[in-house]
$ cat start-v9.tsv   # TSV, C-alpha atoms
chain	number	residue	atom	x	y	z
A	2	MET	CA	70.54	116.07	111.95
A	3	ARG	CA	73.76	114.50	110.75
A	4	ASP	CA	75.56	115.78	107.65
A	5	ILE	CA	79.01	114.35	106.82
A	6	ARG	CA	80.51	115.29	103.46
A	7	LEU	CA	83.66	115.46	101.37
A	8	LEU	CA	83.60	118.34	98.91
A	9	HIS	CA	85.60	118.72	95.71
A	10	GLN	CA	84.61	122.36	95.12
A	11	MET	CA	84.92	125.61	97.04
A	12	PHE	CA	82.14	126.07	99.62
A	13	LEU	CA	80.73	128.90	101.70
A	14	PRO	CA	80.44	127.78	105.35
A	15	GLY	CA	77.68	130.32	105.99
A	16	THR	CA	75.41	128.58	103.53
A	17	LEU	CA	75.76	125.32	105.51
A	18	ILE	CA	75.55	126.65	109.06
A	19	GLY	CA	72.19	128.43	108.72
A	20	PRO	CA	70.29	125.39	107.41
A	21	PHE	CA	72.09	123.11	109.91
A	22	THR	CA	70.99	125.29	112.82
A	23	GLN	CA	67.42	125.41	111.47
A	24	ALA	CA	67.42	121.60	111.16
A	25	ASN	CA	67.92	121.19	114.93
A	26	PRO	CA	64.89	122.90	116.46
A	27	GLY	CA	64.99	123.28	120.23
A	28	LEU	CA	68.77	123.34	120.47
A	29	GLY	CA	70.39	125.09	123.43
A	30	GLY	CA	73.62	125.90	121.65
A	31	VAL	CA	75.47	125.52	118.41
A	32	CYS	CA	79.24	125.68	118.05
A	33	THR	CA	80.95	126.04	114.67
A	34	PHE	CA	84.59	125.90	113.64
A	35	VAL	CA	85.77	126.86	110.15
A	36	GLY	CA	89.35	126.17	109.08
A	37	GLU	CA	90.85	128.10	106.18
A	38	VAL	CA	94.08	127.89	104.19
A	39	ARG	CA	96.47	130.21	106.04
A	40	THR	CA	98.14	133.02	104.14
A	41	ASP	CA	101.69	131.90	104.94
A	42	GLN	CA	104.65	133.60	103.32
A	43	GLY	CA	105.33	132.08	99.92
A	44	VAL	CA	102.48	129.55	100.03
A	45	GLU	CA	100.53	129.68	96.77
A	46	ALA	CA	98.23	126.69	97.16
A	47	LEU	CA	97.38	123.72	99.38
A	48	GLU	CA	96.34	120.36	97.95
A	49	LEU	CA	94.52	117.71	99.96
A	50	THR	CA	94.49	114.17	98.65
A	51	HIS	CA	92.14	111.54	100.03
A	52	TYR	CA	91.51	107.83	99.48
A	53	GLU	CA	87.84	107.37	98.76
A	54	PRO	CA	87.32	103.94	100.43
A	55	LEU	CA	88.85	105.09	103.73
A	56	THR	CA	88.42	108.85	104.07
A	57	LEU	CA	84.64	109.31	104.11
A	58	LYS	CA	84.15	106.06	106.05
A	59	GLY	CA	86.64	107.37	108.63
A	60	MET	CA	84.71	110.65	108.94
A	61	HIS	CA	81.49	108.71	109.56
A	62	GLU	CA	83.23	106.62	112.24
A	63	LEU	CA	84.49	109.83	113.86
A	64	ALA	CA	80.93	111.23	113.83
A	65	ASP	CA	79.69	107.99	115.47
A	66	ARG	CA	82.27	108.43	118.23
A	67	ALA	CA	81.29	112.07	118.74
A	68	PHE	CA	77.61	111.07	119.11
A	69	ASP	CA	78.62	108.33	121.60
A	70	ARG	CA	80.84	110.62	123.64
A	71	PHE	CA	78.78	113.82	123.75
A	72	THR	CA	75.05	114.49	124.06
A	73	LEU	CA	74.42	115.94	120.62
A	74	MET	CA	71.35	116.84	118.61
A	75	GLY	CA	73.21	117.32	115.36
A	76	LEU	CA	76.64	117.26	113.78
A	77	LEU	CA	77.81	118.82	110.53
A	78	MET	CA	81.29	117.80	109.28
A	79	VAL	CA	82.36	119.01	105.86
A	80	HIS	CA	85.91	118.66	104.52
A	81	ARG	CA	87.41	119.87	101.26
A	82	VAL	CA	89.74	117.88	99.03
A	83	GLY	CA	91.60	119.10	95.96
A	84	VAL	CA	93.58	122.30	95.38
A	85	MET	CA	92.78	125.35	97.53
A	86	ARG	CA	94.12	128.90	97.60
A	87	PRO	CA	94.98	130.89	100.75
A	88	GLY	CA	91.79	132.14	102.37
A	89	GLU	CA	89.60	129.30	101.07
A	90	PRO	CA	87.75	127.21	103.66
A	91	ILE	CA	89.10	123.66	104.18
A	92	VAL	CA	86.84	122.34	106.91
A	93	CYS	CA	83.63	123.21	108.72
A	94	VAL	CA	82.45	121.37	111.83
A	95	SER	CA	79.29	122.42	113.62
A	96	ALA	CA	77.63	120.72	116.58
A	97	ALA	CA	74.18	121.38	118.02
A	98	ALA	CA	73.29	120.34	121.55
A	99	LEU	CA	71.01	121.18	124.45
A	100	HIS	CA	74.00	122.40	126.45
A	101	ARG	CA	77.02	124.38	125.31
A	102	ARG	CA	79.74	122.12	126.71
A	103	ASP	CA	78.67	119.19	124.53
A	104	ALA	CA	78.59	121.35	121.41
A	105	ILE	CA	81.97	123.02	122.07
A	106	ASP	CA	83.75	119.80	123.10
A	107	ALA	CA	82.31	117.80	120.19
A	108	VAL	CA	83.71	120.33	117.70
A	109	ASP	CA	87.10	120.34	119.46
A	110	PHE	CA	87.13	116.50	119.48
A	111	CYS	CA	86.21	116.23	115.80
A	112	MET	CA	88.80	118.84	114.76
A	113	ASP	CA	91.67	117.20	116.68
A	114	HIS	CA	90.84	113.87	115.03
A	115	LEU	CA	90.31	115.34	111.55
A	116	LYS	CA	93.68	117.09	111.76
A	117	SER	CA	95.80	114.18	112.87
A	118	ALA	CA	93.97	110.90	112.37
A	119	ALA	CA	91.78	111.32	109.27
A	120	TRP	CA	92.92	110.02	105.89
A	121	PHE	CA	94.12	113.21	104.23
A	122	TRP	CA	97.53	113.95	102.75
A	123	LYS	CA	98.50	117.60	102.32
A	124	ARG	CA	101.09	119.33	100.22
A	125	GLU	CA	101.88	123.02	99.80
A	126	LYS	CA	102.95	124.81	96.67
A	127	ARG	CA	105.67	127.23	97.76
A	128	ALA	CA	107.37	129.97	95.77
A	129	LYS	CA	111.08	129.29	95.25
A	130	GLY	CA	112.13	132.91	94.84
A	131	ASN	CA	113.21	132.58	91.22
A	132	GLY	CA	109.64	132.85	90.01
A	133	ASP	CA	109.08	129.07	90.05
A	134	SER	CA	107.25	127.14	92.71
A	135	GLU	CA	107.53	123.64	94.17
A	136	TRP	CA	105.20	121.22	95.95
A	137	HIS	CA	106.18	120.09	99.48
A	138	TRP	CA	104.44	117.31	101.45
A	139	ILE	CA	103.38	118.26	104.96
A	140	GLU	CA	104.61	115.82	107.60
A	141	PRO	CA	102.82	114.88	110.84
A	142	ARG	CA	103.67	117.22	113.74
A	143	ALA	CA	104.28	116.32	117.40
A	144	GLN	CA	101.60	118.87	118.35
A	145	ASP	CA	98.96	116.83	116.47
A	146	ALA	CA	99.73	113.74	118.57
A	147	GLN	CA	99.51	115.86	121.75
A	148	ASP	CA	96.16	117.26	120.63
A	149	LEU	CA	94.83	113.71	120.12
A	150	ALA	CA	96.17	112.52	123.47
A	151	ARG	CA	93.89	115.03	125.23
A	152	TRP	CA	90.93	112.79	124.32
A	153	GLN	CA	92.54	109.54	125.52
A	154	ARG	CA	92.69	110.54	129.18
B	6	MET	CA	95.27	92.24	87.55
B	7	ILE	CA	95.64	93.98	90.90
B	8	THR	CA	95.53	97.79	91.21
B	9	ILE	CA	98.10	99.38	93.48
B	10	VAL	CA	97.16	102.87	94.72
B	11	PHE	CA	99.92	105.14	96.03
B	12	LEU	CA	98.94	107.95	98.40
B	13	GLY	CA	100.83	111.04	99.52
B	14	LYS	CA	104.54	111.12	98.86
B	15	LEU	CA	104.52	107.43	97.87
B	16	ALA	CA	102.83	108.58	94.65
B	17	ASP	CA	105.84	110.82	93.98
B	18	LEU	CA	108.21	107.88	94.56
B	19	ALA	CA	106.10	105.70	92.25
B	20	GLY	CA	105.88	108.43	89.61
B	21	ALA	CA	102.14	107.71	89.22
B	22	PRO	CA	99.07	107.45	91.45
B	23	THR	CA	98.31	103.84	90.45
B	24	LEU	CA	99.98	100.76	88.99
B	25	GLN	CA	98.58	97.48	87.66
B	26	LEU	CA	100.35	94.26	88.69
B	27	ALA	CA	99.66	90.62	87.86
B	28	ALA	CA	97.66	88.62	90.42
B	29	PRO	CA	98.08	87.06	92.90
B	30	LEU	CA	100.33	89.07	95.21
B	31	ASP	CA	101.62	88.54	98.72
B	32	TRP	CA	103.85	91.01	100.62
B	33	ALA	CA	107.13	89.59	99.24
B	34	GLY	CA	105.66	89.50	95.72
B	35	LEU	CA	104.51	93.11	95.95
B	36	LYS	CA	107.91	94.35	97.13
B	37	ALA	CA	109.67	92.36	94.39
B	38	ALA	CA	107.43	93.96	91.76
B	39	LEU	CA	108.09	97.55	92.90
B	40	PRO	CA	111.20	99.69	92.30
B	41	ALA	CA	113.76	99.27	95.09
B	42	ALA	CA	113.20	102.75	96.63
B	43	LEU	CA	109.46	102.13	96.86
B	44	ALA	CA	109.87	98.57	98.19
B	45	GLU	CA	112.08	99.99	100.93
B	46	ALA	CA	109.68	102.86	101.69
B	47	ILE	CA	106.66	100.60	102.19
B	48	GLU	CA	108.61	98.58	104.80
B	49	ASP	CA	108.53	101.68	107.05
B	50	PRO	CA	106.21	100.67	109.91
B	51	ARG	CA	104.45	104.07	109.71
B	52	ASN	CA	103.23	103.24	106.20
B	53	ARG	CA	99.96	101.28	106.31
B	54	VAL	CA	98.34	98.98	103.76
B	55	ALA	CA	94.66	98.52	102.90
B	56	VAL	CA	93.11	95.89	100.65
B	57	ASN	CA	89.76	96.88	99.14
B	58	GLY	CA	89.40	99.66	101.72
B	59	ALA	CA	90.16	97.49	104.78
B	60	LEU	CA	93.35	98.28	106.73
B	61	LEU	CA	95.65	95.35	107.37
B	62	ALA	CA	96.77	94.90	110.98
B	63	ASP	CA	99.84	93.04	109.70
B	64	LYS	CA	100.89	94.05	106.20
B	65	ALA	CA	103.26	91.07	105.92
B	66	ALA	CA	100.09	88.94	105.86
B	67	LEU	CA	98.96	90.60	102.59
B	68	GLN	CA	97.11	88.26	100.21
B	69	ALA	CA	95.59	89.90	97.13
B	70	SER	CA	93.97	88.28	94.12
B	71	ALA	CA	92.67	89.39	90.72
B	72	GLY	CA	90.43	92.49	90.92
B	73	ASP	CA	91.68	93.55	94.35
B	74	GLU	CA	92.91	97.07	95.12
B	75	ILE	CA	95.94	97.51	97.38
B	76	ALA	CA	96.41	101.01	98.83
B	77	LEU	CA	99.79	102.07	100.23
B	78	LEU	CA	99.19	104.76	102.84
B	79	PRO	CA	101.91	106.97	104.34
B	80	PRO	CA	101.25	108.75	107.66
B	81	VAL	CA	98.58	111.42	107.30
B	82	SER	CA	99.62	115.08	107.41
B	83	GLY	CA	98.97	117.21	110.45
B	84	GLY	CA	98.96	120.93	110.58
$ encode --input "start-v9.tsv" --output "structure tokens"
Amino acid sequence: MRDIRLLHQMFLPGTLIGPFTQANPGLGGVCTFVGEVRTDQGVEALELTHYEPLTLKGMHELADRAFDRFTLMGLLMVHRVGVMRPGEPIVCVSAAALHRRDAIDAVDFCMDHLKSAAWFWKREKRAKGNGDSEWHWIEPRAQDAQDLARWQR
Amino acid sequence: MITIVFLGKLADLAGAPTLQLAAPLDWAGLKAALPAALAEAIEDPRNRVAVNGALLADKAALQASAGDEIALLPPVSGG
């Protein structure tokens, strides 16, 4: 069971995870990660931009690599684009496998690559203190490159 | 015409998410057609270029003709 999607509207991860688990009968383990917009001081919204011809294709290529690298029965990878408020889910990755290590590592692998190598651009709307707010682009972080390097050893 | 798509902060520099330019375009022609700040920004080796959804290994080798879409892609955000 493979389900790779970009979503333009708010989603409830629980409504995806139940059916995904049911769609992989005989699994030994399922591991799920849900990422949400953090409630950081002064952050009013997060916007994710994507580029249609590259972003979804890139997610499918990442799923191919996860299936090659780990022994998986199923993989769910759902990513939001558009404007989100603190507390809203951004991403949900769930992997089903016969053995836990494959499921856990596949989710970790997909998340590290989604965070730092997938075609998404993020900006935050931050309060300025005078009642106005301003958009700020989020730059790549050194930690993201280190997270990716874990999978190149 | 050729459609130029600006992603991330390049869209802020361009003042719009897309721009139409006359075909054909090579790398020098594209830079000449863009405002100076944008032409300089796309030279940054971290900024990638795709034509019709295919990434160019060498953006200086850009060759686009009528109906093509050129995407200018800054580094993706982490975090």
$ closest_residue --input "start-v9.tsv" --among "B:Ile9, B:Val56, B:Leu78, B:Ala38" --to "B:Pro22" --atoms "only C-alpha atoms"
B:Ile9
$ closest_atom_pairs --input "start-v9.tsv" --of "stretch 9-80 of chain B" --to "stretch 132-154 of chain A" --cutoff "9 Å" --atoms "all atoms listed in the file" --output "Markdown table"
| residue | atom | partner | partner_atom | distance |
| --- | --- | --- | --- | --- |
| B:Gly13 | CA | A:Trp138 | CA | 7.5 |
| B:Lys14 | CA | A:Trp138 | CA | 6.7 |
| B:Pro80 | CA | A:Pro141 | CA | 7.1 |
$ interface_residues --input "start-v9.tsv" --of "chain B" --to "chain A" --cutoff "7 Å" --atoms "only C-alpha atoms" --output "PyMOL selection string"
chain B and resi 13-14+58+81-84
$ closest_residue --input "start-v9.tsv" --among "B:Ser70, B:Thr8, B:Asn57, B:Asn52" --to "B:Gln25" --atoms "only C-alpha atoms"
B:Thr8
$ atom_distance --input "start-v9.tsv" --atom1 "atom CA of B:Leu18" --atom2 "atom CA of A:Lys126"
17.9 Å
$ atom_distance --input "start-v9.tsv" --atom1 "atom CA of A:Ile5" --atom2 "atom CA of A:Val44"
28.8 Å
$ atom_distance --input "start-v9.tsv" --atom1 "atom CA of A:Arg6" --atom2 "atom CA of A:Glu62"
12.6 Å
$ residues_near_point --input "start-v9.tsv" --point "(90.7, 88.2, 90.2)" --cutoff "12 Å" --atoms "all atoms listed in the file" --output "list in words"
Met6, Ile7, Thr8, Leu26, Ala27, Ala28, Pro29, Leu30, Gln68, Ala69, Ser70, Ala71, Gly72, Asp73 and Glu74 of chain B
$ write_last_selection --input "start-v9.tsv" --atoms "C-alpha atoms" --output "short mmCIF file (atom, residue, chain, number, x, y, z; two decimals), keeping the file's coordinate frame"
data_model
loop_
_atom_site.label_atom_id
_atom_site.label_comp_id
_atom_site.auth_asym_id
_atom_site.auth_seq_id
_atom_site.Cartn_x
_atom_site.Cartn_y
_atom_site.Cartn_z
CA MET B 6 95.27 92.24 87.55
CA ILE B 7 95.64 93.98 90.90
CA THR B 8 95.53 97.79 91.21
CA LEU B 26 100.35 94.26 88.69
CA ALA B 27 99.66 90.62 87.86
CA ALA B 28 97.66 88.62 90.42
CA PRO B 29 98.08 87.06 92.90
CA LEU B 30 100.33 89.07 95.21
CA GLN B 68 97.11 88.26 100.21
CA ALA B 69 95.59 89.90 97.13
CA SER B 70 93.97 88.28 94.12
CA ALA B 71 92.67 89.39 90.72
CA GLY B 72 90.43 92.49 90.92
CA ASP B 73 91.68 93.55 94.35
CA GLU B 74 92.91 97.07 95.12
#
$ axis_aligned_box --input "start-v9.tsv" --around "stretch 128-137 of chain A" --padding-each-side "3 Å" --output "lines of an AutoDock Vina configuration file"
center_x = 109.2
center_y = 126.5
center_z = 94.7
size_x = 14.0
size_y = 18.8
size_z = 15.5
$ residues_around --input "start-v9.tsv" --residues "A:Leu99" --least-positions-apart "3" --cutoff "12 Å" --atoms "only C-alpha atoms" --output "ChimeraX atom specification"
/A:25-32,71-75,96,102-105
$ decode --input "start-v9.tsv" --residues "stretch 15-127 of chain A" --atoms "C-alpha atoms" --output "PDB file, in the first residue's frame"
ATOM      1  CA  GLY A  15      -5.769  10.133  12.391  1.00  0.00           C
ATOM      2  CA  THR A  16      -8.131   9.760   9.467  1.00  0.00           C
ATOM      3  CA  LEU A  17      -5.216   8.615   7.257  1.00  0.00           C
ATOM      4  CA  ILE A  18      -3.371   6.347   9.677  1.00  0.00           C
ATOM      5  CA  GLY A  19      -6.282   4.019  10.492  1.00  0.00           C
ATOM      6  CA  PRO A  20      -7.093   3.151   6.862  1.00  0.00           C
ATOM      7  CA  PHE A  21      -3.360   2.895   6.031  1.00  0.00           C
ATOM      8  CA  THR A  22      -2.827   0.364   8.819  1.00  0.00           C
ATOM      9  CA  GLN A  23      -5.906  -1.600   7.719  1.00  0.00           C
ATOM     10  CA  ALA A  24      -4.596  -1.639   4.132  1.00  0.00           C
ATOM     11  CA  ASN A  25      -1.477  -3.585   5.184  1.00  0.00           C
ATOM     12  CA  PRO A  26      -2.855  -6.812   6.666  1.00  0.00           C
ATOM     13  CA  GLY A  27      -0.293  -9.027   8.354  1.00  0.00           C
ATOM     14  CA  LEU A  28       2.060  -6.199   9.271  1.00  0.00           C
ATOM     15  CA  GLY A  29       4.386  -6.640  12.237  1.00  0.00           C
ATOM     16  CA  GLY A  30       4.691  -2.962  13.019  1.00  0.00           C
ATOM     17  CA  VAL A  31       3.635   0.461  11.913  1.00  0.00           C
ATOM     18  CA  CYS A  32       5.519   3.658  12.708  1.00  0.00           C
ATOM     19  CA  THR A  33       3.985   7.103  12.200  1.00  0.00           C
ATOM     20  CA  PHE A  34       5.439  10.588  12.461  1.00  0.00           C
ATOM     21  CA  VAL A  35       3.279  13.718  12.353  1.00  0.00           C
ATOM     22  CA  GLY A  36       4.887  17.156  12.073  1.00  0.00           C
ATOM     23  CA  GLU A  37       2.942  20.238  13.130  1.00  0.00           C
ATOM     24  CA  VAL A  38       3.504  23.981  12.905  1.00  0.00           C
ATOM     25  CA  ARG A  39       5.272  24.862  16.159  1.00  0.00           C
ATOM     26  CA  THR A  40       3.773  27.509  18.401  1.00  0.00           C
ATOM     27  CA  ASP A  41       6.864  29.744  18.393  1.00  0.00           C
ATOM     28  CA  GLN A  42       6.762  33.167  19.985  1.00  0.00           C
ATOM     29  CA  GLY A  43       5.369  35.709  17.539  1.00  0.00           C
ATOM     30  CA  VAL A  44       4.803  33.248  14.679  1.00  0.00           C
ATOM     31  CA  GLU A  45       1.308  33.728  13.258  1.00  0.00           C
ATOM     32  CA  ALA A  46       1.454  31.499  10.189  1.00  0.00           C
ATOM     33  CA  LEU A  47       3.711  29.284   8.077  1.00  0.00           C
ATOM     34  CA  GLU A  48       3.449  29.148   4.292  1.00  0.00           C
ATOM     35  CA  LEU A  49       4.876  26.321   2.212  1.00  0.00           C
ATOM     36  CA  THR A  50       5.357  26.892  -1.497  1.00  0.00           C
ATOM     37  CA  HIS A  51       6.018  24.038  -3.888  1.00  0.00           C
ATOM     38  CA  TYR A  52       6.755  23.662  -7.603  1.00  0.00           C
ATOM     39  CA  GLU A  53       4.286  21.188  -9.032  1.00  0.00           C
ATOM     40  CA  PRO A  54       6.544  19.548 -11.689  1.00  0.00           C
ATOM     41  CA  LEU A  55       9.307  18.789  -9.156  1.00  0.00           C
ATOM     42  CA  THR A  56       7.780  18.461  -5.692  1.00  0.00           C
ATOM     43  CA  LEU A  57       5.417  15.501  -6.036  1.00  0.00           C
ATOM     44  CA  LYS A  58       7.809  13.728  -8.424  1.00  0.00           C
ATOM     45  CA  GLY A  59      10.554  14.168  -5.816  1.00  0.00           C
ATOM     46  CA  MET A  60       8.326  12.659  -3.104  1.00  0.00           C
ATOM     47  CA  HIS A  61       7.663   9.633  -5.314  1.00  0.00           C
ATOM     48  CA  GLU A  62      11.412   9.224  -5.924  1.00  0.00           C
ATOM     49  CA  LEU A  63      11.995   9.413  -2.166  1.00  0.00           C
ATOM     50  CA  ALA A  64       9.340   6.713  -1.629  1.00  0.00           C
ATOM     51  CA  ASP A  65      11.078   4.532  -4.272  1.00  0.00           C
ATOM     52  CA  ARG A  66      14.354   4.897  -2.371  1.00  0.00           C
ATOM     53  CA  ALA A  67      12.674   4.029   0.935  1.00  0.00           C
ATOM     54  CA  PHE A  68      11.193   0.852  -0.605  1.00  0.00           C
ATOM     55  CA  ASP A  69      14.645  -0.054  -2.028  1.00  0.00           C
ATOM     56  CA  ARG A  70      16.458   0.572   1.241  1.00  0.00           C
ATOM     57  CA  PHE A  71      14.042  -0.929   3.779  1.00  0.00           C
ATOM     58  CA  THR A  72      11.815  -3.999   3.735  1.00  0.00           C
ATOM     59  CA  LEU A  73       8.436  -2.298   3.723  1.00  0.00           C
ATOM     60  CA  MET A  74       4.867  -3.421   3.205  1.00  0.00           C
ATOM     61  CA  GLY A  75       3.465   0.071   2.885  1.00  0.00           C
ATOM     62  CA  LEU A  76       4.376   3.736   2.979  1.00  0.00           C
ATOM     63  CA  LEU A  77       2.141   6.753   3.506  1.00  0.00           C
ATOM     64  CA  MET A  78       3.698  10.190   2.844  1.00  0.00           C
ATOM     65  CA  VAL A  79       1.416  13.214   2.970  1.00  0.00           C
ATOM     66  CA  HIS A  80       2.687  16.804   2.908  1.00  0.00           C
ATOM     67  CA  ARG A  81       0.777  20.064   3.176  1.00  0.00           C
ATOM     68  CA  VAL A  82       1.359  23.144   1.056  1.00  0.00           C
ATOM     69  CA  GLY A  83      -0.209  26.570   1.477  1.00  0.00           C
ATOM     70  CA  VAL A  84      -0.758  28.675   4.599  1.00  0.00           C
ATOM     71  CA  MET A  85      -0.929  26.910   7.973  1.00  0.00           C
ATOM     72  CA  ARG A  86      -1.531  28.133  11.518  1.00  0.00           C
ATOM     73  CA  PRO A  87       0.396  26.986  14.619  1.00  0.00           C
ATOM     74  CA  GLY A  88      -0.823  23.556  15.680  1.00  0.00           C
ATOM     75  CA  GLU A  89      -1.873  22.467  12.181  1.00  0.00           C
ATOM     76  CA  PRO A  90      -0.292  19.294  10.799  1.00  0.00           C
ATOM     77  CA  ILE A  91       2.292  19.819   8.013  1.00  0.00           C
ATOM     78  CA  VAL A  92       3.437  16.285   7.306  1.00  0.00           C
ATOM     79  CA  CYS A  93       2.489  12.706   8.071  1.00  0.00           C
ATOM     80  CA  VAL A  94       4.738   9.749   7.242  1.00  0.00           C
ATOM     81  CA  SER A  95       3.734   6.226   8.178  1.00  0.00           C
ATOM     82  CA  ALA A  96       5.536   3.001   7.331  1.00  0.00           C
ATOM     83  CA  ALA A  97       4.273  -0.555   7.731  1.00  0.00           C
ATOM     84  CA  ALA A  98       6.661  -3.493   7.836  1.00  0.00           C
ATOM     85  CA  LEU A  99       7.037  -7.019   9.154  1.00  0.00           C
ATOM     86  CA  HIS A 100       9.709  -5.826  11.583  1.00  0.00           C
ATOM     87  CA  ARG A 101       9.865  -2.635  13.610  1.00  0.00           C
ATOM     88  CA  ARG A 102      13.351  -1.486  12.598  1.00  0.00           C
ATOM     89  CA  ASP A 103      12.369  -1.173   8.932  1.00  0.00           C
ATOM     90  CA  ALA A 104       9.251   0.815   9.797  1.00  0.00           C
ATOM     91  CA  ILE A 105      11.019   3.165  12.247  1.00  0.00           C
ATOM     92  CA  ASP A 106      14.076   3.738  10.036  1.00  0.00           C
ATOM     93  CA  ALA A 107      11.987   4.285   6.891  1.00  0.00           C
ATOM     94  CA  VAL A 108      10.026   7.066   8.615  1.00  0.00           C
ATOM     95  CA  ASP A 109      13.247   8.652   9.934  1.00  0.00           C
ATOM     96  CA  PHE A 110      14.824   8.422   6.437  1.00  0.00           C
ATOM     97  CA  CYS A 111      11.796   9.953   4.714  1.00  0.00           C
ATOM     98  CA  MET A 112      11.520  12.785   7.266  1.00  0.00           C
ATOM     99  CA  ASP A 113      15.213  13.761   7.032  1.00  0.00           C
ATOM    100  CA  HIS A 114      14.905  13.924   3.235  1.00  0.00           C
ATOM    101  CA  LEU A 115      11.546  15.740   3.247  1.00  0.00           C
ATOM    102  CA  LYS A 116      12.960  18.364   5.612  1.00  0.00           C
ATOM    103  CA  SER A 117      16.151  19.165   3.775  1.00  0.00           C
ATOM    104  CA  ALA A 118      16.045  17.841   0.226  1.00  0.00           C
ATOM    105  CA  ALA A 119      12.414  18.055  -0.920  1.00  0.00           C
ATOM    106  CA  TRP A 120      11.219  20.949  -3.067  1.00  0.00           C
ATOM    107  CA  PHE A 121       9.464  23.108  -0.483  1.00  0.00           C
ATOM    108  CA  TRP A 122      10.108  26.743   0.371  1.00  0.00           C
ATOM    109  CA  LYS A 123       8.904  27.995   3.752  1.00  0.00           C
ATOM    110  CA  ARG A 124       8.236  31.422   5.127  1.00  0.00           C
ATOM    111  CA  GLU A 125       6.919  32.516   8.509  1.00  0.00           C
ATOM    112  CA  LYS A 126       4.613  35.393   9.270  1.00  0.00           C
ATOM    113  CA  ARG A 127       5.992  37.009  12.419  1.00  0.00           C
TER     114      ARG A 127
END
